[in-house]
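What follows is a short report on a single structure.
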Amino acid sequence: MKTYYNPEDLKKFGNISEFEPNLAKKFFDYYGEVFKEGALTAREKSLIALAVAHAVQCPYCIDAYTSDTMEKGCDEQQIMEAVHVASAIKGGATLVHGVQMMNKYKELSM
Amino acid sequence: MNTKSLLSQKHQLSSTKSQVDFLEDSTLTKFSEKLIQQNLFPLTPIPLEVFQVNIGKMCNQVCKHCHVDAGPDRKEIMTRETMQLCIDAIKVSGATTVDLTGGAPEMNPDFRWFVEELSILGKKIIVRCNLTIIVANKKYNDLPEFFKKHKVEIVSSLPYFTASKTDSQRGDGVFEKSIQALGMLNSVGYSKKESGLILNLVYNPSGAFLPSDQSSLEKEFKLKLKSLYDIDFNNLFAITNLPISRFLEFLVNSGNYDNYMEKLINAYNPIAAENVMCRNTLSISWNGFIYDCDFNQMLEMKIDVEEKRQHISNFEINGINQRRIKTNQHCFGCTAGSGSSCSGNVA
């Protein structure tokens, strides 16, 4: 069955340079720099990436950063806590708009 | 968790021929092609440093990833006569280090005799101790004192600083017993300042992925083991799982084989290839045959010298020093990323 997402496409990410090499090079150079050990460890960055992957619901990123966090020595509890951070922020972002809703409700109410 | 070796299960992959056929039956890049690209084929030895002796496949554990397919049901162990032949060979080999492995080497009834004899030779002695053997039976409880007496360097596997990840790879209850044994080694002075007693740990991934940066893992292990269990150790070696024996069986059964091999091949590091351990190591099997490394031993790929010289009873160092090292697809495990050896990273 054909689907929009194909796991094999993850390996072809670099192929985006085929249509526009200059911007792709800039992007991948930047990407590589971002994930280097810095003020944050490469491990911390990988956990952030995993959380963001869930927030943006990217199956490629979830695949890649589940492997990457495991390679960097994270266990199942740590990676699930990262997902809960993403969930809490997404849930919180929904709920905090409830204040806007309440403001409008009160504005319109007698 | 399975408590039987592949051999005892009569599993197809317990046959070394099946393993080699499986590894070779692939359209993936060949290891030899990579070596040819960097003018490193055939691999040749550099001066011998490490004389590794596998003194038996018997073990008190049945780890899921074990490349030896060791376990309590394995009865192959080295005799004292073969150990004596090893000692004779070590004397003329030029090796500075003798590395004892298994199985659980301590289960060989002549283990202590062998260590005592090696100690007289004045060589650095490494014992690959699985930790739990120290607490497995009263007769092993004094091993820390014995190791201390002979200044044995200990190298022990501990896949993680939590019970769940350790036990999932090495068996139920292994983590707790390992921590207990590490405490016993620390208490006789291992990894304590100025004791000169070295205790190194081995990290290897609990699944189909590559190990991370060795120094980052070491920092994390040191922090956690100290804060949670008051355990000290010297160095952490990050070792890649090679696709042979039980780990190969896991890869095949879990559908991870192709992806894992691609990962290893994509991570090929030419610098690691120059420094692979088989160049400065020899590996001897329980029955006295000579191999380039412990992995080639488990695939029964004997050293490339004339047949009668493949056994320790006819050890001849000049021919060995001029041999071609045998390689195959499993060797990608030693050249991925920062490289992997029995002493961790090589690049």
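Please note that chains go A, B, ... in the order of the structure tokens, that every chain numbers its residues from 1, and that ligands are numbered from 1 in the order shown.
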Go through chain B residue by residue and, counting only C-alpha atoms, keep those with an atom at most 9 Å from chain A; for each kept residue give the shortest atom pair and its distance in Å to one decimal, ordered by chain and increasing number, as JSON lines.
```
{"residue": "B:Tyr160", "atom": "CA", "partner": "A:Gly73", "partner_atom": "CA", "distance": 8.1}
{"residue": "B:Thr162", "atom": "CA", "partner": "A:Asp75", "partner_atom": "CA", "distance": 8.7}
{"residue": "B:Lys165", "atom": "CA", "partner": "A:Asp75", "partner_atom": "CA", "distance": 7.5}
{"residue": "B:Pro205", "atom": "CA", "partner": "A:Glu71", "partner_atom": "CA", "distance": 7.3}
{"residue": "B:Ser206", "atom": "CA", "partner": "A:Met70", "partner_atom": "CA", "distance": 8.8}
{"residue": "B:Gly207", "atom": "CA", "partner": "A:Met70", "partner_atom": "CA", "distance": 8.8}
{"residue": "B:Ala208", "atom": "CA", "partner": "A:Ser67", "partner_atom": "CA", "distance": 8.8}
{"residue": "B:Phe209", "atom": "CA", "partner": "A:Glu71", "partner_atom": "CA", "distance": 6.0}
{"residue": "B:Leu210", "atom": "CA", "partner": "A:Glu71", "partner_atom": "CA", "distance": 5.6}
{"residue": "B:Pro211", "atom": "CA", "partner": "A:Glu71", "partner_atom": "CA", "distance": 5.2}
{"residue": "B:Ser212", "atom": "CA", "partner": "A:Lys72", "partner_atom": "CA", "distance": 4.7}
{"residue": "B:Asp213", "atom": "CA", "partner": "A:Lys72", "partner_atom": "CA", "distance": 7.2}
{"residue": "B:Ser216", "atom": "CA", "partner": "A:Lys72", "partner_atom": "CA", "distance": 8.4}
{"residue": "B:Leu217", "atom": "CA", "partner": "A:Gly73", "partner_atom": "CA", "distance": 6.9}
{"residue": "B:Glu220", "atom": "CA", "partner": "A:Gly73", "partner_atom": "CA", "distance": 8.9}
```
Check chain A with DSSP on the backbone and list each residue it calls alpha helix (DSSP H), as a ChimeraX atom specification. /A:21-34,42-55,59-71,76-108
Leu228 of chain B surroundings by only C-alpha atoms, 9 Å radius, close-in-sequence under 4 positions cut, as a ChimeraX atom specification: /B:161,223-224
Limited to N, CA and C atoms, could you put the picked residues into a file as a short mmCIF file (atom, residue, chain, number, x, y, z; two decimals), in the first residue's frame?
```cif
data_model
loop_
_atom_site.label_atom_id
_atom_site.label_comp_id
_atom_site.auth_asym_id
_atom_site.auth_seq_id
_atom_site.Cartn_x
_atom_site.Cartn_y
_atom_site.Cartn_z
N PHE B 161 23.91 2.07 34.03
CA PHE B 161 23.88 2.28 35.47
C PHE B 161 22.47 2.12 36.05
N LEU B 223 29.56 9.68 37.32
CA LEU B 223 28.66 10.50 38.14
C LEU B 223 27.57 9.64 38.78
N LYS B 224 26.92 8.84 37.97
CA LYS B 224 25.78 8.05 38.45
C LYS B 224 26.22 6.93 39.41
#
```
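The space between atom CA of Tyr190 of chain B and atom CA of Phe233 of chain B spans 7.5 Å.
Counting from atom CA of Lys139 of chain B, the distance to atom CA of Ser285 of chain B is 25.5 Å.
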Could you pull out the strand (DSSP E or B) residues of segment 126-271 of chain B, going by DSSP on the backbone, and write them as an MDAnalysis selection string? chainID B and resid 126:128 153:157 199:203 236:238 268
Store the residues picked out above, limited to N, CA and C atoms, as a short mmCIF file (atom, residue, chain, number, x, y, z; two decimals), in the first residue's frame.
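What follows is the written file part.cif:
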```
data_model
loop_
_atom_site.label_atom_id
_atom_site.label_comp_id
_atom_site.auth_asym_id
_atom_site.auth_seq_id
_atom_site.Cartn_x
_atom_site.Cartn_y
_atom_site.Cartn_z
N ILE B 126 45.37 -8.95 32.32
CA ILE B 126 43.99 -8.44 32.32
C ILE B 126 43.07 -9.65 32.48
N VAL B 127 42.06 -9.52 33.34
CA VAL B 127 41.01 -10.55 33.41
C VAL B 127 39.68 -9.89 33.09
N ARG B 128 38.99 -10.46 32.12
CA ARG B 128 37.65 -9.97 31.76
C ARG B 128 36.64 -10.68 32.67
N GLU B 153 44.60 -6.45 36.22
CA GLU B 153 43.71 -5.38 35.77
C GLU B 153 42.35 -6.01 35.44
N ILE B 154 41.29 -5.43 36.00
CA ILE B 154 39.96 -5.99 35.78
C ILE B 154 39.22 -5.20 34.71
N VAL B 155 38.62 -5.91 33.78
CA VAL B 155 37.74 -5.28 32.78
C VAL B 155 36.38 -5.98 32.89
N SER B 156 35.37 -5.19 33.19
CA SER B 156 34.04 -5.78 33.45
C SER B 156 32.94 -5.08 32.69
N SER B 157 32.03 -5.88 32.16
CA SER B 157 30.89 -5.30 31.44
C SER B 157 29.84 -4.79 32.41
N LEU B 199 40.45 -0.90 37.58
CA LEU B 199 39.14 -1.50 37.32
C LEU B 199 38.47 -0.70 36.21
N ASN B 200 38.38 -1.30 35.03
CA ASN B 200 37.75 -0.63 33.90
C ASN B 200 36.40 -1.28 33.59
N LEU B 201 35.46 -0.45 33.15
CA LEU B 201 34.14 -0.98 32.80
C LEU B 201 33.94 -0.94 31.29
N VAL B 202 33.09 -1.81 30.83
CA VAL B 202 32.76 -1.87 29.40
C VAL B 202 31.28 -1.52 29.22
N TYR B 203 31.05 -0.54 28.34
CA TYR B 203 29.68 -0.23 27.93
C TYR B 203 29.49 -0.79 26.53
N LEU B 236 36.04 3.89 31.19
CA LEU B 236 34.93 3.18 30.54
C LEU B 236 35.32 2.93 29.09
N PHE B 237 35.20 1.68 28.65
CA PHE B 237 35.44 1.34 27.25
C PHE B 237 34.09 1.20 26.56
N ALA B 238 33.88 1.97 25.50
CA ALA B 238 32.63 1.81 24.72
C ALA B 238 32.92 0.85 23.58
N TYR B 268 31.96 3.83 8.78
CA TYR B 268 33.35 3.35 8.61
C TYR B 268 34.34 4.51 8.76
#
```
List the neighbours of segment 80-97 of chain B out to 9 Å using only C-alpha atoms; skip same-chain residues closer than 5 positions along the sequence, and give me the result as a ChimeraX atom specification. /B:47-53,55,109-111,113-114,117-118,121-126,280-281,284,286-288,312-317
Could the residues in this selection be written to a file with N, CA and C atoms, as an mmCIF file, in the first residue's frame?
```cif
data_model
loop_
_atom_site.group_PDB
_atom_site.id
_atom_site.type_symbol
_atom_site.label_atom_id
_atom_site.label_comp_id
_atom_site.auth_asym_id
_atom_site.auth_seq_id
_atom_site.Cartn_x
_atom_site.Cartn_y
_atom_site.Cartn_z
ATOM 1 N N PRO B 47 53.910 -4.703 15.710
ATOM 2 C CA PRO B 47 54.471 -5.519 16.809
ATOM 3 C C PRO B 47 53.413 -5.972 17.827
ATOM 4 N N LEU B 48 53.507 -7.239 18.185
ATOM 5 C CA LEU B 48 52.520 -7.854 19.082
ATOM 6 C C LEU B 48 52.585 -7.229 20.482
ATOM 7 N N GLU B 49 51.418 -6.873 20.996
ATOM 8 C CA GLU B 49 51.346 -6.346 22.366
ATOM 9 C C GLU B 49 50.484 -7.227 23.260
ATOM 10 N N VAL B 50 49.335 -7.635 22.715
ATOM 11 C CA VAL B 50 48.347 -8.322 23.559
ATOM 12 C C VAL B 50 48.207 -9.792 23.159
ATOM 13 N N PHE B 51 48.407 -10.652 24.123
ATOM 14 C CA PHE B 51 48.228 -12.097 23.925
ATOM 15 C C PHE B 51 46.946 -12.464 24.663
ATOM 16 N N GLN B 52 45.860 -12.599 23.915
ATOM 17 C CA GLN B 52 44.558 -12.843 24.541
ATOM 18 C C GLN B 52 44.258 -14.341 24.540
ATOM 19 N N VAL B 53 43.868 -14.842 25.688
ATOM 20 C CA VAL B 53 43.594 -16.276 25.803
ATOM 21 C C VAL B 53 42.156 -16.466 26.279
ATOM 22 N N ILE B 55 39.937 -18.871 27.862
ATOM 23 C CA ILE B 55 40.187 -20.141 28.569
ATOM 24 C C ILE B 55 38.917 -20.963 28.768
ATOM 25 N N PRO B 109 38.934 -24.505 36.309
ATOM 26 C CA PRO B 109 39.583 -24.926 37.564
ATOM 27 C C PRO B 109 41.070 -24.585 37.628
ATOM 28 N N ASP B 110 41.703 -24.346 36.486
ATOM 29 C CA ASP B 110 43.132 -24.001 36.481
ATOM 30 C C ASP B 110 43.372 -22.501 36.317
ATOM 31 N N PHE B 111 42.309 -21.715 36.443
ATOM 32 C CA PHE B 111 42.422 -20.260 36.264
ATOM 33 C C PHE B 111 43.468 -19.661 37.204
ATOM 34 N N TRP B 113 45.883 -21.052 38.892
ATOM 35 C CA TRP B 113 47.242 -21.538 38.587
ATOM 36 C C TRP B 113 47.823 -20.732 37.412
ATOM 37 N N PHE B 114 46.994 -20.526 36.393
ATOM 38 C CA PHE B 114 47.438 -19.805 35.188
ATOM 39 C C PHE B 114 47.838 -18.370 35.538
ATOM 40 N N GLU B 117 51.157 -18.306 37.396
ATOM 41 C CA GLU B 117 52.284 -18.535 36.489
ATOM 42 C C GLU B 117 52.561 -17.300 35.620
ATOM 43 N N LEU B 118 51.498 -16.673 35.160
ATOM 44 C CA LEU B 118 51.658 -15.462 34.337
ATOM 45 C C LEU B 118 52.254 -14.327 35.162
ATOM 46 N N LEU B 121 55.863 -14.353 35.216
ATOM 47 C CA LEU B 121 56.467 -13.856 33.969
ATOM 48 C C LEU B 121 56.631 -12.336 33.971
ATOM 49 N N GLY B 122 55.887 -11.663 34.851
ATOM 50 C CA GLY B 122 55.986 -10.204 34.939
ATOM 51 C C GLY B 122 55.218 -9.461 33.866
ATOM 52 N N LYS B 123 54.291 -10.141 33.211
ATOM 53 C CA LYS B 123 53.481 -9.475 32.188
ATOM 54 C C LYS B 123 52.292 -8.773 32.849
ATOM 55 N N LYS B 124 51.797 -7.736 32.177
ATOM 56 C CA LYS B 124 50.544 -7.131 32.635
ATOM 57 C C LYS B 124 49.425 -8.151 32.384
ATOM 58 N N ILE B 125 48.605 -8.405 33.398
ATOM 59 C CA ILE B 125 47.530 -9.394 33.265
ATOM 60 C C ILE B 125 46.180 -8.685 33.323
ATOM 61 N N ILE B 126 45.370 -8.946 32.320
ATOM 62 C CA ILE B 126 43.989 -8.444 32.318
ATOM 63 C C ILE B 126 43.066 -9.645 32.475
ATOM 64 N N ASN B 280 47.698 -5.782 16.652
ATOM 65 C CA ASN B 280 48.695 -5.934 17.732
ATOM 66 C C ASN B 280 48.294 -7.014 18.735
ATOM 67 N N THR B 281 47.371 -7.892 18.294
ATOM 68 C CA THR B 281 46.809 -8.887 19.215
ATOM 69 C C THR B 281 46.849 -10.282 18.602
ATOM 70 N N ILE B 284 43.882 -16.815 21.444
ATOM 71 C CA ILE B 284 44.021 -18.276 21.521
ATOM 72 C C ILE B 284 42.709 -18.872 22.034
ATOM 73 N N TRP B 286 40.164 -22.035 23.512
ATOM 74 C CA TRP B 286 40.252 -22.998 24.626
ATOM 75 C C TRP B 286 41.031 -24.247 24.240
ATOM 76 N N ASN B 287 40.961 -24.626 22.941
ATOM 77 C CA ASN B 287 41.649 -25.845 22.519
ATOM 78 C C ASN B 287 42.979 -25.549 21.815
ATOM 79 N N GLY B 288 43.467 -24.307 21.964
ATOM 80 C CA GLY B 288 44.839 -24.003 21.564
ATOM 81 C C GLY B 288 45.054 -23.505 20.146
ATOM 82 N N ILE B 312 48.868 -23.651 19.072
ATOM 83 C CA ILE B 312 49.830 -23.116 20.048
ATOM 84 C C ILE B 312 50.991 -24.083 20.305
ATOM 85 N N SER B 313 50.766 -25.376 20.031
ATOM 86 C CA SER B 313 51.839 -26.356 20.250
ATOM 87 C C SER B 313 52.970 -26.196 19.236
ATOM 88 N N ASN B 314 52.689 -25.460 18.133
ATOM 89 C CA ASN B 314 53.728 -25.193 17.133
ATOM 90 C C ASN B 314 53.874 -23.689 16.912
ATOM 91 N N PHE B 315 53.847 -22.953 18.004
ATOM 92 C CA PHE B 315 53.879 -21.488 17.932
ATOM 93 C C PHE B 315 55.199 -21.004 17.331
ATOM 94 N N GLU B 316 55.084 -20.184 16.311
ATOM 95 C CA GLU B 316 56.288 -19.665 15.643
ATOM 96 C C GLU B 316 56.031 -18.200 15.311
ATOM 97 N N ILE B 317 56.672 -17.321 16.079
ATOM 98 C CA ILE B 317 56.304 -15.903 16.052
ATOM 99 C C ILE B 317 56.672 -15.212 14.738
#
```
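Across the model, the gap from atom CA of Lys11 of chain A to atom CA of Glu262 of chain B is 10.4 Å.
Residue nearest Ser87 of chain A, chosen from A:Thr66, A:Phe35, A:Ser46, A:Ala53 and counting only C-alpha atoms: A:Ala53.
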